[in-house]
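Below is work12.pdb, holding PDB, C-alpha atoms, pLDDT in the B column.
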```
MODEL        1
ATOM      1  CA  MET A   1      50.098  10.296  88.252  1.00 85.00           C
ATOM      2  CA  VAL A   2      50.532   9.232  84.606  1.00 91.00           C
ATOM      3  CA  PHE A   3      53.122  11.921  83.942  1.00 93.00           C
ATOM      4  CA  ALA A   4      55.071  11.174  87.114  1.00 94.00           C
ATOM      5  CA  THR A   5      55.249   7.523  86.022  1.00 93.00           C
ATOM      6  CA  PHE A   6      56.211   8.547  82.501  1.00 93.00           C
ATOM      7  CA  PHE A   7      59.130  10.679  83.683  1.00 94.00           C
ATOM      8  CA  GLN A   8      60.046   7.979  86.206  1.00 93.00           C
ATOM      9  CA  VAL A   9      60.573   5.558  83.309  1.00 92.00           C
ATOM     10  CA  LEU A  10      62.656   8.190  81.479  1.00 92.00           C
ATOM     11  CA  SER A  11      64.788   8.675  84.596  1.00 93.00           C
ATOM     12  CA  GLU A  12      65.420   4.923  84.846  1.00 92.00           C
ATOM     13  CA  ASN A  13      66.727   5.079  81.268  1.00 90.00           C
ATOM     14  CA  ASN A  14      68.743   8.185  82.211  1.00 89.00           C
ATOM     15  CA  ALA A  15      67.228   9.988  79.207  1.00 92.00           C
ATOM     16  CA  ARG A  16      68.502  13.370  78.088  1.00 94.00           C
ATOM     17  CA  ILE A  17      65.733  15.973  77.974  1.00 95.00           C
ATOM     18  CA  THR A  18      65.439  19.735  77.496  1.00 96.00           C
ATOM     19  CA  ILE A  19      63.352  21.599  80.052  1.00 96.00           C
ATOM     20  CA  HIS A  20      62.027  25.009  79.008  1.00 96.00           C
ATOM     21  CA  LEU A  21      61.096  27.153  81.974  1.00 95.00           C
ATOM     22  CA  LYS A  22      58.415  29.821  82.164  1.00 95.00           C
ATOM     23  CA  ASN A  23      61.145  32.498  82.317  1.00 91.00           C
ATOM     24  CA  ASP A  24      62.453  31.361  78.876  1.00 90.00           C
ATOM     25  CA  LEU A  25      65.495  29.626  80.332  1.00 92.00           C
ATOM     26  CA  ALA A  26      66.144  26.251  78.672  1.00 94.00           C
ATOM     27  CA  ILE A  27      68.196  23.595  80.440  1.00 94.00           C
ATOM     28  CA  GLU A  28      69.305  20.316  78.928  1.00 95.00           C
ATOM     29  CA  GLY A  29      70.320  17.424  81.154  1.00 95.00           C
ATOM     30  CA  ASN A  30      69.998  13.791  82.139  1.00 95.00           C
ATOM     31  CA  ILE A  31      66.861  13.174  84.138  1.00 95.00           C
ATOM     32  CA  GLN A  32      67.812  11.712  87.520  1.00 95.00           C
ATOM     33  CA  SER A  33      64.587  11.675  89.479  1.00 95.00           C
ATOM     34  CA  VAL A  34      61.067  13.032  89.496  1.00 96.00           C
ATOM     35  CA  ASP A  35      58.198  13.213  92.015  1.00 96.00           C
ATOM     36  CA  GLU A  36      54.417  13.680  92.053  1.00 95.00           C
ATOM     37  CA  TYR A  37      54.716  17.484  91.619  1.00 96.00           C
ATOM     38  CA  LEU A  38      56.952  16.862  88.601  1.00 96.00           C
ATOM     39  CA  ASN A  39      59.886  18.456  90.404  1.00 97.00           C
ATOM     40  CA  ILE A  40      62.840  17.189  88.396  1.00 97.00           C
ATOM     41  CA  VAL A  41      66.523  16.635  89.199  1.00 96.00           C
ATOM     42  CA  LEU A  42      68.824  17.029  86.211  1.00 96.00           C
ATOM     43  CA  SER A  43      72.504  16.092  86.061  1.00 95.00           C
ATOM     44  CA  GLU A  44      75.284  16.983  83.615  1.00 93.00           C
ATOM     45  CA  ILE A  45      73.340  20.059  82.632  1.00 92.00           C
ATOM     46  CA  ASP A  46      73.880  22.381  79.699  1.00 91.00           C
ATOM     47  CA  VAL A  47      72.147  25.729  79.636  1.00 89.00           C
ATOM     48  CA  VAL A  48      70.932  26.319  76.089  1.00 86.00           C
ATOM     49  CA  ASN A  49      71.526  30.082  75.975  1.00 79.00           C
ATOM     50  CA  ASN A  50      74.718  30.093  78.016  1.00 72.00           C
ATOM     51  CA  GLU A  51      75.830  33.649  77.176  1.00 74.00           C
ATOM     52  CA  GLU A  52      72.754  35.138  78.805  1.00 76.00           C
ATOM     53  CA  ASN A  53      73.050  32.994  81.918  1.00 76.00           C
ATOM     54  CA  PRO A  54      76.762  32.746  82.779  1.00 77.00           C
ATOM     55  CA  TYR A  55      75.919  32.193  86.467  1.00 79.00           C
ATOM     56  CA  LEU A  56      74.817  28.658  85.597  1.00 80.00           C
ATOM     57  CA  LEU A  57      78.071  27.699  83.849  1.00 81.00           C
ATOM     58  CA  SER A  58      79.599  25.985  86.901  1.00 84.00           C
ATOM     59  CA  VAL A  59      76.401  24.155  87.857  1.00 85.00           C
ATOM     60  CA  LYS A  60      76.433  20.420  87.071  1.00 89.00           C
ATOM     61  CA  LYS A  61      73.308  19.208  88.817  1.00 93.00           C
ATOM     62  CA  LEU A  62      70.098  20.936  89.837  1.00 94.00           C
ATOM     63  CA  LEU A  63      66.547  20.506  91.056  1.00 96.00           C
ATOM     64  CA  ILE A  64      63.803  22.276  89.139  1.00 96.00           C
ATOM     65  CA  ARG A  65      60.533  23.038  90.896  1.00 97.00           C
ATOM     66  CA  GLY A  66      57.695  21.553  88.863  1.00 96.00           C
ATOM     67  CA  ASN A  67      55.537  24.656  88.653  1.00 96.00           C
ATOM     68  CA  THR A  68      58.258  26.720  86.929  1.00 97.00           C
ATOM     69  CA  ILE A  69      58.365  24.328  83.972  1.00 97.00           C
ATOM     70  CA  SER A  70      56.739  25.444  80.731  1.00 97.00           C
ATOM     71  CA  HIS A  71      57.435  22.475  78.488  1.00 97.00           C
ATOM     72  CA  ILE A  72      59.839  19.581  78.071  1.00 97.00           C
ATOM     73  CA  SER A  73      61.237  18.417  74.759  1.00 96.00           C
ATOM     74  CA  MET A  74      62.386  14.824  74.397  1.00 94.00           C
ATOM     75  CA  PRO A  75      64.054  12.999  71.530  1.00 92.00           C
ATOM     76  CA  ASP A  76      62.529   9.645  70.574  1.00 87.00           C
ATOM     77  CA  HIS A  77      64.215   7.393  73.169  1.00 74.00           C
ATOM     78  CA  GLY A  78      62.093   4.475  72.032  1.00 79.00           C
ATOM     79  CA  ILE A  79      59.237   5.809  74.155  1.00 84.00           C
ATOM     80  CA  ASP A  80      56.533   3.158  74.466  1.00 86.00           C
ATOM     81  CA  THR A  81      53.359   5.171  73.863  1.00 86.00           C
ATOM     82  CA  ASP A  82      51.018   2.144  74.000  1.00 87.00           C
ATOM     83  CA  THR A  83      51.973   1.305  77.583  1.00 88.00           C
ATOM     84  CA  ILE A  84      51.554   4.918  78.715  1.00 88.00           C
ATOM     85  CA  GLN A  85      48.130   5.141  77.090  1.00 89.00           C
ATOM     86  CA  GLU A  86      46.921   1.897  78.671  1.00 88.00           C
ATOM     87  CA  LEU A  87      48.168   3.122  82.037  1.00 87.00           C
ATOM     88  CA  ALA A  88      46.378   6.453  81.588  1.00 87.00           C
ATOM     89  CA  MET A  89      43.112   4.750  80.628  1.00 85.00           C
ATOM     90  CA  LYS A  90      43.277   2.444  83.673  1.00 86.00           C
ATOM     91  CA  ASP A  91      44.053   5.459  85.869  1.00 83.00           C
ATOM     92  CA  MET A  92      40.955   7.289  84.642  1.00 79.00           C
ATOM     93  CA  GLU A  93      38.629   4.304  85.048  1.00 79.00           C
ATOM     94  CA  ARG A  94      39.654   4.015  88.676  1.00 74.00           C
ATOM     95  CA  LYS A  95      38.290   7.512  89.398  1.00 64.00           C
TER      96      LYS A  95
ATOM     97  CA  MET K   1      36.505  11.173  63.183  1.00 64.00           C
ATOM     98  CA  ILE K   2      35.503  12.433  66.626  1.00 70.00           C
ATOM     99  CA  ASN K   3      31.804  12.376  67.464  1.00 75.00           C
ATOM    100  CA  ILE K   4      31.387  15.655  69.370  1.00 75.00           C
ATOM    101  CA  SER K   5      27.828  14.816  70.543  1.00 80.00           C
ATOM    102  CA  SER K   6      29.218  12.164  72.892  1.00 81.00           C
ATOM    103  CA  VAL K   7      31.179  14.793  74.822  1.00 83.00           C
ATOM    104  CA  GLU K   8      29.367  15.369  78.119  1.00 85.00           C
ATOM    105  CA  GLN K   9      32.175  16.674  80.267  1.00 88.00           C
ATOM    106  CA  PRO K  10      35.014  18.923  79.076  1.00 89.00           C
ATOM    107  CA  LEU K  11      37.710  16.298  79.535  1.00 88.00           C
ATOM    108  CA  ASP K  12      35.691  13.775  77.501  1.00 89.00           C
ATOM    109  CA  LEU K  13      37.095  15.486  74.406  1.00 91.00           C
ATOM    110  CA  PRO K  14      40.777  14.627  74.971  1.00 91.00           C
ATOM    111  CA  LYS K  15      39.630  11.199  76.169  1.00 90.00           C
ATOM    112  CA  LEU K  16      37.868  10.602  72.838  1.00 89.00           C
ATOM    113  CA  ILE K  17      40.865  11.885  70.902  1.00 90.00           C
ATOM    114  CA  VAL K  18      43.239   9.561  72.758  1.00 89.00           C
ATOM    115  CA  SER K  19      40.984   6.515  72.370  1.00 87.00           C
ATOM    116  CA  SER K  20      40.503   7.149  68.636  1.00 87.00           C
ATOM    117  CA  GLN K  21      44.267   7.596  68.320  1.00 84.00           C
ATOM    118  CA  MET K  22      44.809   4.268  70.110  1.00 84.00           C
ATOM    119  CA  LYS K  23      42.331   2.562  67.772  1.00 84.00           C
ATOM    120  CA  ASP K  24      44.113   4.015  64.727  1.00 82.00           C
ATOM    121  CA  ALA K  25      47.473   2.886  66.046  1.00 79.00           C
ATOM    122  CA  SER K  26      46.345  -0.676  66.765  1.00 80.00           C
ATOM    123  CA  SER K  27      44.666  -1.017  63.355  1.00 81.00           C
ATOM    124  CA  GLY K  28      47.933   0.063  61.757  1.00 74.00           C
ATOM    125  CA  LYS K  29      46.625   3.368  60.390  1.00 68.00           C
ATOM    126  CA  GLY K  30      49.693   5.553  60.433  1.00 63.00           C
ATOM    127  CA  SER K  31      48.208   9.026  60.109  1.00 64.00           C
ATOM    128  CA  SER K  32      46.053   9.594  63.163  1.00 74.00           C
ATOM    129  CA  GLU K  33      44.193  12.795  63.827  1.00 83.00           C
ATOM    130  CA  LYS K  34      46.316  15.679  65.078  1.00 92.00           C
ATOM    131  CA  VAL K  35      45.403  18.110  67.807  1.00 95.00           C
ATOM    132  CA  TYR K  36      45.927  21.858  67.884  1.00 97.00           C
ATOM    133  CA  VAL K  37      46.888  23.403  71.215  1.00 97.00           C
ATOM    134  CA  LYS K  38      47.057  27.117  71.876  1.00 97.00           C
ATOM    135  CA  CYS K  39      49.238  28.089  74.825  1.00 97.00           C
ATOM    136  CA  LYS K  40      50.121  31.190  76.799  1.00 96.00           C
ATOM    137  CA  GLY K  41      53.125  33.119  75.470  1.00 93.00           C
ATOM    138  CA  ASN K  42      52.012  33.082  71.797  1.00 95.00           C
ATOM    139  CA  ARG K  43      52.876  29.418  71.460  1.00 96.00           C
ATOM    140  CA  GLU K  44      50.919  26.993  69.302  1.00 97.00           C
ATOM    141  CA  LEU K  45      51.397  23.243  69.096  1.00 97.00           C
ATOM    142  CA  THR K  46      50.216  20.623  66.622  1.00 97.00           C
ATOM    143  CA  GLY K  47      50.787  16.932  67.171  1.00 96.00           C
ATOM    144  CA  THR K  48      49.391  13.538  68.096  1.00 94.00           C
ATOM    145  CA  LEU K  49      47.896  13.520  71.599  1.00 94.00           C
ATOM    146  CA  ILE K  50      49.385  10.620  73.555  1.00 93.00           C
ATOM    147  CA  VAL K  51      48.224  11.324  77.116  1.00 94.00           C
ATOM    148  CA  TYR K  52      46.679  14.100  79.217  1.00 94.00           C
ATOM    149  CA  ASP K  53      45.568  14.455  82.827  1.00 93.00           C
ATOM    150  CA  VAL K  54      43.120  16.513  84.919  1.00 93.00           C
ATOM    151  CA  HIS K  55      45.520  19.491  84.946  1.00 95.00           C
ATOM    152  CA  MET K  56      45.541  19.428  81.118  1.00 95.00           C
ATOM    153  CA  ASN K  57      49.196  18.482  81.174  1.00 96.00           C
ATOM    154  CA  ILE K  58      49.681  16.935  77.754  1.00 96.00           C
ATOM    155  CA  LEU K  59      52.179  14.742  75.951  1.00 96.00           C
ATOM    156  CA  LEU K  60      52.353  15.198  72.185  1.00 96.00           C
ATOM    157  CA  LYS K  61      54.171  13.053  69.670  1.00 94.00           C
ATOM    158  CA  ASP K  62      55.662  14.489  66.436  1.00 94.00           C
ATOM    159  CA  CYS K  63      54.898  17.958  67.669  1.00 96.00           C
ATOM    160  CA  VAL K  64      55.387  21.157  65.691  1.00 97.00           C
ATOM    161  CA  GLU K  65      55.766  24.181  67.940  1.00 97.00           C
ATOM    162  CA  THR K  66      55.150  27.653  66.534  1.00 97.00           C
ATOM    163  CA  VAL K  67      56.107  30.731  68.520  1.00 95.00           C
ATOM    164  CA  THR K  68      55.031  34.149  67.260  1.00 94.00           C
ATOM    165  CA  LYS K  69      57.251  36.982  68.479  1.00 89.00           C
ATOM    166  CA  ARG K  70      56.149  40.578  68.080  1.00 82.00           C
ATOM    167  CA  SER K  71      58.443  43.216  69.502  1.00 76.00           C
ATOM    168  CA  ASP K  72      56.677  46.084  71.272  1.00 72.00           C
ATOM    169  CA  ASP K  73      58.446  48.999  69.586  1.00 69.00           C
ATOM    170  CA  GLU K  74      57.647  47.932  66.006  1.00 63.00           C
ATOM    171  CA  ASP K  75      54.477  49.164  64.380  1.00 68.00           C
ATOM    172  CA  GLU K  76      51.575  46.931  63.399  1.00 72.00           C
ATOM    173  CA  ASP K  77      52.631  46.677  59.710  1.00 76.00           C
ATOM    174  CA  THR K  78      55.880  44.784  60.307  1.00 80.00           C
ATOM    175  CA  PRO K  79      55.279  41.042  60.221  1.00 85.00           C
ATOM    176  CA  PRO K  80      55.954  39.226  63.499  1.00 87.00           C
ATOM    177  CA  GLU K  81      58.891  36.850  63.790  1.00 91.00           C
ATOM    178  CA  ILE K  82      57.716  33.231  63.594  1.00 94.00           C
ATOM    179  CA  ILE K  83      59.843  30.433  65.033  1.00 94.00           C
ATOM    180  CA  THR K  84      59.005  26.782  64.355  1.00 96.00           C
ATOM    181  CA  ASN K  85      60.520  23.823  66.162  1.00 95.00           C
ATOM    182  CA  HIS K  86      59.936  20.112  65.784  1.00 96.00           C
ATOM    183  CA  HIS K  87      59.913  17.829  68.834  1.00 96.00           C
ATOM    184  CA  PRO K  88      59.672  13.998  68.627  1.00 95.00           C
ATOM    185  CA  PHE K  89      57.948  14.182  72.030  1.00 96.00           C
ATOM    186  CA  LEU K  90      56.776  17.252  73.881  1.00 97.00           C
ATOM    187  CA  TYR K  91      55.329  17.536  77.384  1.00 97.00           C
ATOM    188  CA  MET K  92      53.372  20.751  77.932  1.00 97.00           C
ATOM    189  CA  ARG K  93      52.412  21.855  81.423  1.00 97.00           C
ATOM    190  CA  GLY K  94      48.666  22.205  81.918  1.00 96.00           C
ATOM    191  CA  ASP K  95      48.618  25.676  83.445  1.00 96.00           C
ATOM    192  CA  LEU K  96      49.885  27.187  80.172  1.00 97.00           C
ATOM    193  CA  VAL K  97      47.248  25.541  77.971  1.00 97.00           C
ATOM    194  CA  ILE K  98      44.568  27.915  76.672  1.00 97.00           C
ATOM    195  CA  LEU K  99      42.661  25.626  74.324  1.00 96.00           C
ATOM    196  CA  LEU K 100      42.820  22.205  72.779  1.00 95.00           C
ATOM    197  CA  SER K 101      41.058  21.261  69.566  1.00 94.00           C
ATOM    198  CA  VAL K 102      41.038  18.675  66.822  1.00 90.00           C
ATOM    199  CA  SER K 103      42.956  20.235  63.932  1.00 80.00           C
TER     200      SER K 103
ENDMDL
END
```
Could you write out this file's structure as structure tokens?
Amino acid sequence: MVFATFFQVLSENNARITIHLKNDLAIEGNIQSVDEYLNIVLSEIDVVNNEENPYLLSVKKLLIRGNTISHISMPDHGIDTDTIQELAMKDMERK
Amino acid sequence: MINISSVEQPLDLPKLIVSSQMKDASSGKGSSEKVYVKCKGNRELTGTLIVYDVHMNILLKDCVETVTKRSDDEDEDTPPEIITNHHPFLYMRGDLVILLSVS
């Protein structure tokens, strides 16, 4: 649940992230919401390689299924690593 | 330095790395140990391990991503194309992780 909480915090700050999918599509957008499966809703999206994917040009908002995500790149939005680590440690001790 | 002999279960290794990283950070030591992660799709990552979970989802700080691209039609002698990217923070999904090691 650590990652769900982490992305939850990012969504509250409306952070802009870039999601790279397993099919090499990269989508940049503001993170709106996230759930336990790490399904993510992005708004005001920009597709990184637009020329190859013109069908996404008119899309403003979308939901990405968690299991299609490869990796997510985030700029340093003042991410508080200490709090995340403490949370993760507590989470593990509980199990 | 990570004491490998105290690793009893596989996930004890990232646990040790994270706790040593936390110790380094709280004692003000800037340069903590970096991890090397090999992923599916000829992708390699190096960075500071912040958190992980049971799926081996990982969050890396100051991550350098290296992708090696080799096109099929070229012969073995031509060097592969290497792309490097820097990410302040990178989340990597666990199902693509092949191995994780202390670099």
Sorted per-residue table, chain A near chain K, closest atoms and distance, 12 Å, all atoms listed in the file, as CSV:
```
residue,atom,partner,partner_atom,distance
A:Met1,CA,K:Asp53,CA,8.2
A:Val2,CA,K:Asp53,CA,7.4
A:Phe3,CA,K:Asp53,CA,8.0
A:Ala4,CA,K:Asp53,CA,10.9
A:Thr5,CA,K:Val51,CA,12.0
A:Phe6,CA,K:Leu59,CA,9.9
A:Phe7,CA,K:Tyr91,CA,10.1
A:Ile17,CA,K:Leu90,CA,9.9
A:Thr18,CA,K:Leu90,CA,9.7
A:Ile19,CA,K:Tyr91,CA,9.4
A:His20,CA,K:Met92,CA,9.7
A:Leu21,CA,K:Arg93,CA,10.2
A:Lys22,CA,K:Leu96,CA,9.1
A:Asn23,CA,K:Gly41,CA,10.6
A:Asp24,CA,K:Gly41,CA,10.1
A:Tyr37,CA,K:Arg93,CA,11.3
A:Leu38,CA,K:Arg93,CA,9.9
A:Gly66,CA,K:Arg93,CA,9.1
A:Asn67,CA,K:Arg93,CA,8.4
A:Thr68,CA,K:Arg93,CA,9.4
A:Ile69,CA,K:Arg93,CA,6.9
A:Ser70,CA,K:Arg93,CA,5.7
A:His71,CA,K:Met92,CA,4.4
A:Ile72,CA,K:Tyr91,CA,5.0
A:Ser73,CA,K:Leu90,CA,4.7
A:Met74,CA,K:Phe89,CA,5.1
A:Pro75,CA,K:Pro88,CA,5.4
A:Asp76,CA,K:Pro88,CA,5.6
A:His77,CA,K:Pro88,CA,9.2
A:Gly78,CA,K:Pro88,CA,10.4
A:Ile79,CA,K:Phe89,CA,8.7
A:Asp80,CA,K:Ile50,CA,10.4
A:Thr81,CA,K:Ile50,CA,6.8
A:Asp82,CA,K:Met22,CA,7.6
A:Thr83,CA,K:Ile50,CA,10.5
A:Ile84,CA,K:Val51,CA,7.4
A:Gln85,CA,K:Val51,CA,6.2
A:Glu86,CA,K:Met22,CA,9.1
A:Leu87,CA,K:Val51,CA,9.6
A:Ala88,CA,K:Val51,CA,6.9
A:Met89,CA,K:Lys15,CA,8.6
A:Asp91,CA,K:Asp53,CA,9.6
A:Met92,CA,K:Asp53,CA,8.7
A:Glu93,CA,K:Lys15,CA,11.3
A:Lys95,CA,K:Val54,CA,11.2
```
* Apply the PyMOL selection byres ((chain K and resi 84) around 8) to the displayed file and report the matching residues as JSON, numbers by chain. => {"K": [64, 65, 66, 67, 82, 83, 85, 86]}
* Suppose you want the space between atom CA of Val47 of chain A and atom CA of Ser11 of chain A; what is it in Å? ->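 We find that atom CA of Val47 of chain A and atom CA of Ser11 of chain A lie 19.2 Å from each other.
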* To do: Counting only C-alpha atoms, figure out which residue out of A:Leu42, A:Val48, A:Val9, A:Ala26 gets nearest to Lys60 of chain A.
  => A:Leu42
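We find atom CA of Gln32 of chain A and atom CA of Glu12 of chain A to be spaced 7.7 Å apart.
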* Gap from atom CA of Asn3 of chain K to atom CA of Glu33 of chain K - Å, one decimal -> 12.9 Å
* Could you state which residues are captured by the PyMOL selection byres ((chain A and resi 41) around 12) in this file, as a ChimeraX atom specification? => /A:7-8,11,14,16-17,19,27-35,38-40,42-45,60-66
* Name the residues that the PyMOL selection byres ((chain K and resi 100) around 6) pulls out of this structure, and write them as a PyMOL selection string. => chain K and resi 36-37+99+101
